[in-house]
>>> print(open('start.pdb').read())   # PDB, C-alpha atoms
ATOM      1  CA  MET A  23    -235.173  97.035 137.739
ATOM      2  CA  LYS A  24    -237.729  94.389 138.576
ATOM      3  CA  ILE A  25    -239.426  95.108 141.881
ATOM      4  CA  ALA A  26    -241.895  92.922 143.803
ATOM      5  CA  ILE A  27    -244.187  94.718 146.227
ATOM      6  CA  GLY A  28    -246.550  93.333 148.836
ATOM      7  CA  SER A  29    -248.456  94.300 151.933
ATOM      8  CA  ASP A  30    -251.102  93.234 154.370
ATOM      9  CA  HIS A  31    -254.374  95.129 154.822
ATOM     10  CA  ALA A  32    -252.754  97.777 157.036
ATOM     11  CA  GLY A  33    -250.192  98.570 154.357
ATOM     12  CA  PHE A  34    -252.533  98.364 151.363
ATOM     13  CA  ASN A  35    -253.137 102.097 150.857
ATOM     14  CA  ALA A  36    -249.467 102.983 151.255
ATOM     15  CA  LYS A  37    -248.505 100.129 148.922
ATOM     16  CA  SER A  38    -250.890 101.409 146.260
ATOM     17  CA  GLU A  39    -249.342 104.888 146.350
ATOM     18  CA  LEU A  40    -245.808 103.518 146.456
ATOM     19  CA  TYR A  41    -246.561 101.194 143.526
ATOM     20  CA  ASP A  42    -247.537 104.168 141.350
ATOM     21  CA  TYR A  43    -244.396 106.030 142.403
ATOM     22  CA  ILE A  44    -242.102 103.109 141.582
ATOM     23  CA  VAL A  45    -243.735 102.672 138.169
ATOM     24  CA  SER A  46    -243.250 106.414 137.517
ATOM     25  CA  LEU A  47    -239.511 105.896 138.048
ATOM     26  CA  GLY A  48    -239.487 103.401 135.175
ATOM     27  CA  HIS A  49    -239.195 100.189 137.165
ATOM     28  CA  GLU A  50    -241.091  97.016 136.326
ATOM     29  CA  VAL A  51    -243.268  96.405 139.379
ATOM     30  CA  THR A  52    -245.235  93.294 140.293
ATOM     31  CA  ASP A  53    -247.882  93.657 142.998
ATOM     32  CA  LEU A  54    -248.152  90.366 144.873
ATOM     33  CA  GLY A  55    -251.016  91.477 147.112
ATOM     34  CA  THR A  56    -252.979  92.028 149.162
ATOM     35  CA  TYR A  57    -255.467  93.842 146.975
ATOM     36  CA  SER A  58    -257.786  95.393 149.569
ATOM     37  CA  THR A  59    -258.022  96.616 153.141
ATOM     38  CA  GLU A  60    -259.841  93.441 154.182
ATOM     39  CA  SER A  61    -258.040  91.807 157.108
ATOM     40  CA  CYS A  62    -255.398  89.285 156.044
ATOM     41  CA  ASP A  63    -252.191  87.693 157.314
ATOM     42  CA  TYR A  64    -248.904  89.475 156.522
ATOM     43  CA  PRO A  65    -246.798  86.258 156.299
ATOM     44  CA  ASP A  66    -248.755  85.244 153.183
ATOM     45  CA  TYR A  67    -247.514  88.299 151.291
ATOM     46  CA  ALA A  68    -244.059  88.406 152.848
ATOM     47  CA  VAL A  69    -243.332  84.902 151.603
ATOM     48  CA  LYS A  70    -244.572  85.665 148.066
ATOM     49  CA  VAL A  71    -242.259  88.653 147.752
ATOM     50  CA  ALA A  72    -239.345  86.965 149.519
ATOM     51  CA  LYS A  73    -239.496  83.789 147.422
ATOM     52  CA  GLY A  74    -239.659  85.841 144.237
ATOM     53  CA  VAL A  75    -236.557  87.803 145.234
ATOM     54  CA  ALA A  76    -234.701  84.705 146.486
ATOM     55  CA  GLU A  77    -235.442  82.873 143.226
ATOM     56  CA  GLY A  78    -234.093  85.795 141.190
ATOM     57  CA  LYS A  79    -237.414  86.760 139.597
ATOM     58  CA  PHE A  80    -237.050  90.253 141.074
ATOM     59  CA  ASP A  81    -234.062  92.470 141.826
ATOM     60  CA  TYR A  82    -235.581  93.830 145.023
ATOM     61  CA  GLY A  83    -238.712  93.582 147.130
ATOM     62  CA  VAL A  84    -240.761  96.054 149.112
ATOM     63  CA  LEU A  85    -243.032  95.016 151.987
ATOM     64  CA  ILE A  86    -245.430  97.093 154.069
ATOM     65  CA  CYS A  87    -247.532  96.234 157.119
ATOM     66  CA  SER A  88    -248.632  98.406 160.029
ATOM     67  CA  THR A  89    -245.208  98.614 161.708
ATOM     68  CA  GLY A  90    -243.030  96.695 159.248
ATOM     69  CA  ILE A  91    -241.959  94.400 162.053
ATOM     70  CA  GLY A  92    -244.030  91.278 161.397
ATOM     71  CA  ILE A  93    -243.684  91.370 157.635
ATOM     72  CA  SER A  94    -239.890  91.755 157.870
ATOM     73  CA  ILE A  95    -239.605  88.883 160.339
ATOM     74  CA  ALA A  96    -241.619  86.643 158.008
ATOM     75  CA  ALA A  97    -239.584  87.628 154.929
ATOM     76  CA  ASN A  98    -236.309  86.913 156.718
ATOM     77  CA  LYS A  99    -237.349  83.277 157.206
ATOM     78  CA  VAL A 100    -236.801  82.692 153.470
ATOM     79  CA  LYS A 101    -233.280  81.527 152.656
ATOM     80  CA  GLY A 102    -231.284  84.160 150.820
ATOM     81  CA  ILE A 103    -233.344  87.084 152.034
ATOM     82  CA  ARG A 104    -231.971  90.003 153.953
ATOM     83  CA  CYS A 105    -234.981  92.182 154.642
ATOM     84  CA  GLY A 106    -234.259  95.465 156.364
ATOM     85  CA  LEU A 107    -236.949  97.223 158.355
ATOM     86  CA  CYS A 108    -236.279 100.886 157.698
ATOM     87  CA  THR A 109    -237.690 103.952 159.360
ATOM     88  CA  ASP A 110    -235.707 106.771 157.763
ATOM     89  CA  LEU A 111    -233.305 107.583 154.939
ATOM     90  CA  PHE A 112    -230.238 106.621 156.971
ATOM     91  CA  THR A 113    -231.496 103.108 157.707
ATOM     92  CA  ALA A 114    -232.590 102.682 154.070
ATOM     93  CA  GLU A 115    -229.063 103.548 152.953
ATOM     94  CA  MET A 116    -227.209 101.530 155.564
ATOM     95  CA  THR A 117    -229.240  98.340 155.110
ATOM     96  CA  ARG A 118    -227.960  98.291 151.532
ATOM     97  CA  ARG A 119    -224.405  99.552 152.174
ATOM     98  CA  HIS A 120    -223.590  97.299 155.115
ATOM     99  CA  ASN A 121    -226.068  94.408 154.937
ATOM    100  CA  ASN A 122    -226.669  94.079 151.180
ATOM    101  CA  ALA A 123    -230.402  93.880 151.931
ATOM    102  CA  ASN A 124    -232.606  92.763 149.059
ATOM    103  CA  ILE A 125    -235.996  93.655 150.561
ATOM    104  CA  LEU A 126    -237.082  96.951 152.092
ATOM    105  CA  ALA A 127    -239.756  96.710 154.809
ATOM    106  CA  MET A 128    -241.668  99.705 156.130
ATOM    107  CA  GLY A 129    -244.565 100.440 158.463
ATOM    108  CA  ALA A 130    -247.616 102.309 157.198
ATOM    109  CA  SER A 131    -248.608 103.395 160.720
ATOM    110  CA  VAL A 132    -245.191 104.860 161.489
ATOM    111  CA  THR A 133    -243.867 106.170 158.167
ATOM    112  CA  PRO A 134    -245.642 108.642 155.872
ATOM    113  CA  VAL A 135    -245.929 107.561 152.236
ATOM    114  CA  GLU A 136    -243.835 110.497 151.017
ATOM    115  CA  LYS A 137    -240.995 109.313 153.273
ATOM    116  CA  MET A 138    -241.477 105.742 151.981
ATOM    117  CA  LYS A 139    -240.971 107.037 148.442
ATOM    118  CA  GLU A 140    -237.712 108.707 149.439
ATOM    119  CA  MET A 141    -236.570 105.607 151.306
ATOM    120  CA  PHE A 142    -237.304 103.396 148.300
ATOM    121  CA  SER A 143    -235.240 105.667 146.039
ATOM    122  CA  VAL A 144    -232.317 105.613 148.475
ATOM    123  CA  PHE A 145    -232.591 101.836 148.916
ATOM    124  CA  VAL A 146    -232.456 100.967 145.208
ATOM    125  CA  SER A 147    -229.785 103.533 144.355
ATOM    126  CA  THR A 148    -227.369 102.481 147.102
ATOM    127  CA  GLY A 149    -224.842  99.747 146.467
ATOM    128  CA  PHE A 150    -223.290  97.256 148.846
ATOM    129  CA  ASP A 151    -219.993  98.578 150.206
ATOM    130  CA  GLY A 152    -218.574  95.072 150.202
ATOM    131  CA  GLY A 153    -215.058  94.960 151.458
ATOM    132  CA  GLU A 154    -213.706  92.387 153.856
ATOM    133  CA  ARG A 155    -215.612  93.567 156.934
ATOM    134  CA  HIS A 156    -219.145  93.809 155.489
ATOM    135  CA  SER A 157    -218.771  90.806 153.186
ATOM    136  CA  ARG A 158    -217.581  88.678 156.099
ATOM    137  CA  ARG A 159    -220.667  89.607 158.100
ATOM    138  CA  VAL A 160    -223.120  89.006 155.266
ATOM    139  CA  ASN A 161    -221.431  85.657 154.596
ATOM    140  CA  LYS A 162    -221.970  84.733 158.253
ATOM    141  CA  ILE A 163    -225.687  85.409 157.817
ATOM    142  CA  SER A 164    -225.664  82.885 154.971
ATOM    143  CA  LEU A 165    -223.843  80.388 157.201
ATOM    144  CA  ILE A 166    -226.592  80.787 159.811
ATOM    145  CA  GLU A 167    -229.205  79.978 157.139
ATOM    146  CA  GLU A 168    -227.271  76.845 156.217
ATOM    147  CA  GLY A 169    -226.993  75.745 159.856
ATOM    148  CA  LYS A 170    -223.209  76.059 159.768
ATOM    149  CA  LEU A 171    -222.857  78.802 162.366
TER     150      LEU A 171
END
>>> encode(input="start.pdb", output="structure tokens")
Amino acid sequence: MKIAIGSDHAGFNAKSELYDYIVSLGHEVTDLGTYSTESCDYPDYAVKVAKGVAEGKFDYGVLICSTGIGISIAANKVKGIRCGLCTDLFTAEMTRRHNNANILAMGASVTPVEKMKEMFSVFVSTGFDGGERHSRRVNKISLIEEGKL
């Protein structure tokens, strides 16, 4: 799989460790920044990852900031993105199964890196349940993006 990964300064160290882990699993990973712990703005990196995923350059994206909140909000402003902020294995699974999320967001200040690794593995190995109920809901999200709902 092709994975885009990005973070702000608060997520940089976790991103670096997670990057190595994802590569060790055999995925093709592109690091879209930031590249240091120097203060920066999370929307800059959220949009890089989100646009890459939305344009089909990557299968999935991973974003990390201090809490995961700001970076997930920014990513979700890009049409076609369903970024799930996950805090545990259950949310990592359900954001794929029920929401067909294409970006996983996490918080470096609230989630240990070892847990992030597990969450990433669950996220990319879980499929969308589909079916009438979940597909209908995901389609409504698309309608919101198009201003039709």
>>> closest_residue(input="start.pdb", among="A:Arg155, A:Lys37, A:Lys73, A:Lys139", to="Asn124 of chain A", atoms="only C-alpha atoms")
A:Lys73
>>> resolve_selection(input="start.pdb", expression="the PyMOL selection byres ((chain A and resi 24-36) around 6)", output="list of chain:residue names")
A:Met23, A:Lys37, A:Ser38, A:Glu39, A:Glu50, A:Val51, A:Thr52, A:Asp53, A:Leu54, A:Gly55, A:Thr56, A:Thr59, A:Glu60, A:Ser61, A:Tyr64, A:Tyr67, A:Val71, A:Phe80, A:Asp81, A:Tyr82, A:Gly83, A:Val84, A:Leu85, A:Ile86, A:Cys87, A:Ser88, A:Ala130, A:Val135
>>> write_last_selection(input="start.pdb", atoms="C-alpha atoms", output="mmCIF file, in the frame of the given file")
data_model
loop_
_atom_site.group_PDB
_atom_site.id
_atom_site.type_symbol
_atom_site.label_atom_id
_atom_site.label_comp_id
_atom_site.auth_asym_id
_atom_site.auth_seq_id
_atom_site.Cartn_x
_atom_site.Cartn_y
_atom_site.Cartn_z
ATOM 1 C CA MET A 23 -235.173 97.035 137.739
ATOM 2 C CA LYS A 37 -248.505 100.129 148.922
ATOM 3 C CA SER A 38 -250.890 101.409 146.260
ATOM 4 C CA GLU A 39 -249.342 104.888 146.350
ATOM 5 C CA GLU A 50 -241.091 97.016 136.326
ATOM 6 C CA VAL A 51 -243.268 96.405 139.379
ATOM 7 C CA THR A 52 -245.235 93.294 140.293
ATOM 8 C CA ASP A 53 -247.882 93.657 142.998
ATOM 9 C CA LEU A 54 -248.152 90.366 144.873
ATOM 10 C CA GLY A 55 -251.016 91.477 147.112
ATOM 11 C CA THR A 56 -252.979 92.028 149.162
ATOM 12 C CA THR A 59 -258.022 96.616 153.141
ATOM 13 C CA GLU A 60 -259.841 93.441 154.182
ATOM 14 C CA SER A 61 -258.040 91.807 157.108
ATOM 15 C CA TYR A 64 -248.904 89.475 156.522
ATOM 16 C CA TYR A 67 -247.514 88.299 151.291
ATOM 17 C CA VAL A 71 -242.259 88.653 147.752
ATOM 18 C CA PHE A 80 -237.050 90.253 141.074
ATOM 19 C CA ASP A 81 -234.062 92.470 141.826
ATOM 20 C CA TYR A 82 -235.581 93.830 145.023
ATOM 21 C CA GLY A 83 -238.712 93.582 147.130
ATOM 22 C CA VAL A 84 -240.761 96.054 149.112
ATOM 23 C CA LEU A 85 -243.032 95.016 151.987
ATOM 24 C CA ILE A 86 -245.430 97.093 154.069
ATOM 25 C CA CYS A 87 -247.532 96.234 157.119
ATOM 26 C CA SER A 88 -248.632 98.406 160.029
ATOM 27 C CA ALA A 130 -247.616 102.309 157.198
ATOM 28 C CA VAL A 135 -245.929 107.561 152.236
#
>>> residues_near_point(input="start.pdb", point="(-236.5, 91.6, 153.2)", cutoff="6 Å", atoms="only C-alpha atoms", output="number ranges by chain")
A: 94, 97-98, 103-106, 124-126
>>> write_last_selection(input="start.pdb", atoms="C-alpha atoms", output="compact mmCIF listing (two decimals), in the coordinates of the input")
# COMPACT_ATOMS: atom_id res chain seq x y z
CA SER A 94 -239.89 91.76 157.87
CA ALA A 97 -239.58 87.63 154.93
CA ASN A 98 -236.31 86.91 156.72
CA ILE A 103 -233.34 87.08 152.03
CA ARG A 104 -231.97 90.00 153.95
CA CYS A 105 -234.98 92.18 154.64
CA GLY A 106 -234.26 95.46 156.36
CA ASN A 124 -232.61 92.76 149.06
CA ILE A 125 -236.00 93.66 150.56
CA LEU A 126 -237.08 96.95 152.09
>>> atom_distance(input="start.pdb", atom1="atom CA of Gly90 of chain A", atom2="atom CA of Lys162 of chain A")
24.2 Å
>>> atom_distance(input="start.pdb", atom1="atom CA of Glu136 of chain A", atom2="atom CA of Thr89 of chain A")
16.0 Å
>>> residues_near_point(input="start.pdb", point="(-224.6, 106.3, 147.5)", cutoff="12 Å", atoms="all atoms listed in the file", output="list in words")
Leu111, Phe112, Ala114, Glu115, Met116, Thr117, Arg118, Arg119, His120, Ser143, Val144, Phe145, Val146, Ser147, Thr148, Gly149, Phe150 and Asp151 of chain A
>>> closest_residue(input="start.pdb", among="A:Pro134, A:Ile91, A:His49, A:Ala96", to="Ala68 of chain A", atoms="all atoms listed in the file")
A:Ala96
>>> closest_residue(input="start.pdb", among="A:Glu167, A:Met128, A:Ala123, A:Ile93", to="Leu107 of chain A", atoms="all atoms listed in the file")
A:Met128
>>> atom_distance(input="start.pdb", atom1="atom CA of Gly129 of chain A", atom2="atom CA of Met141 of chain A")
11.9 Å
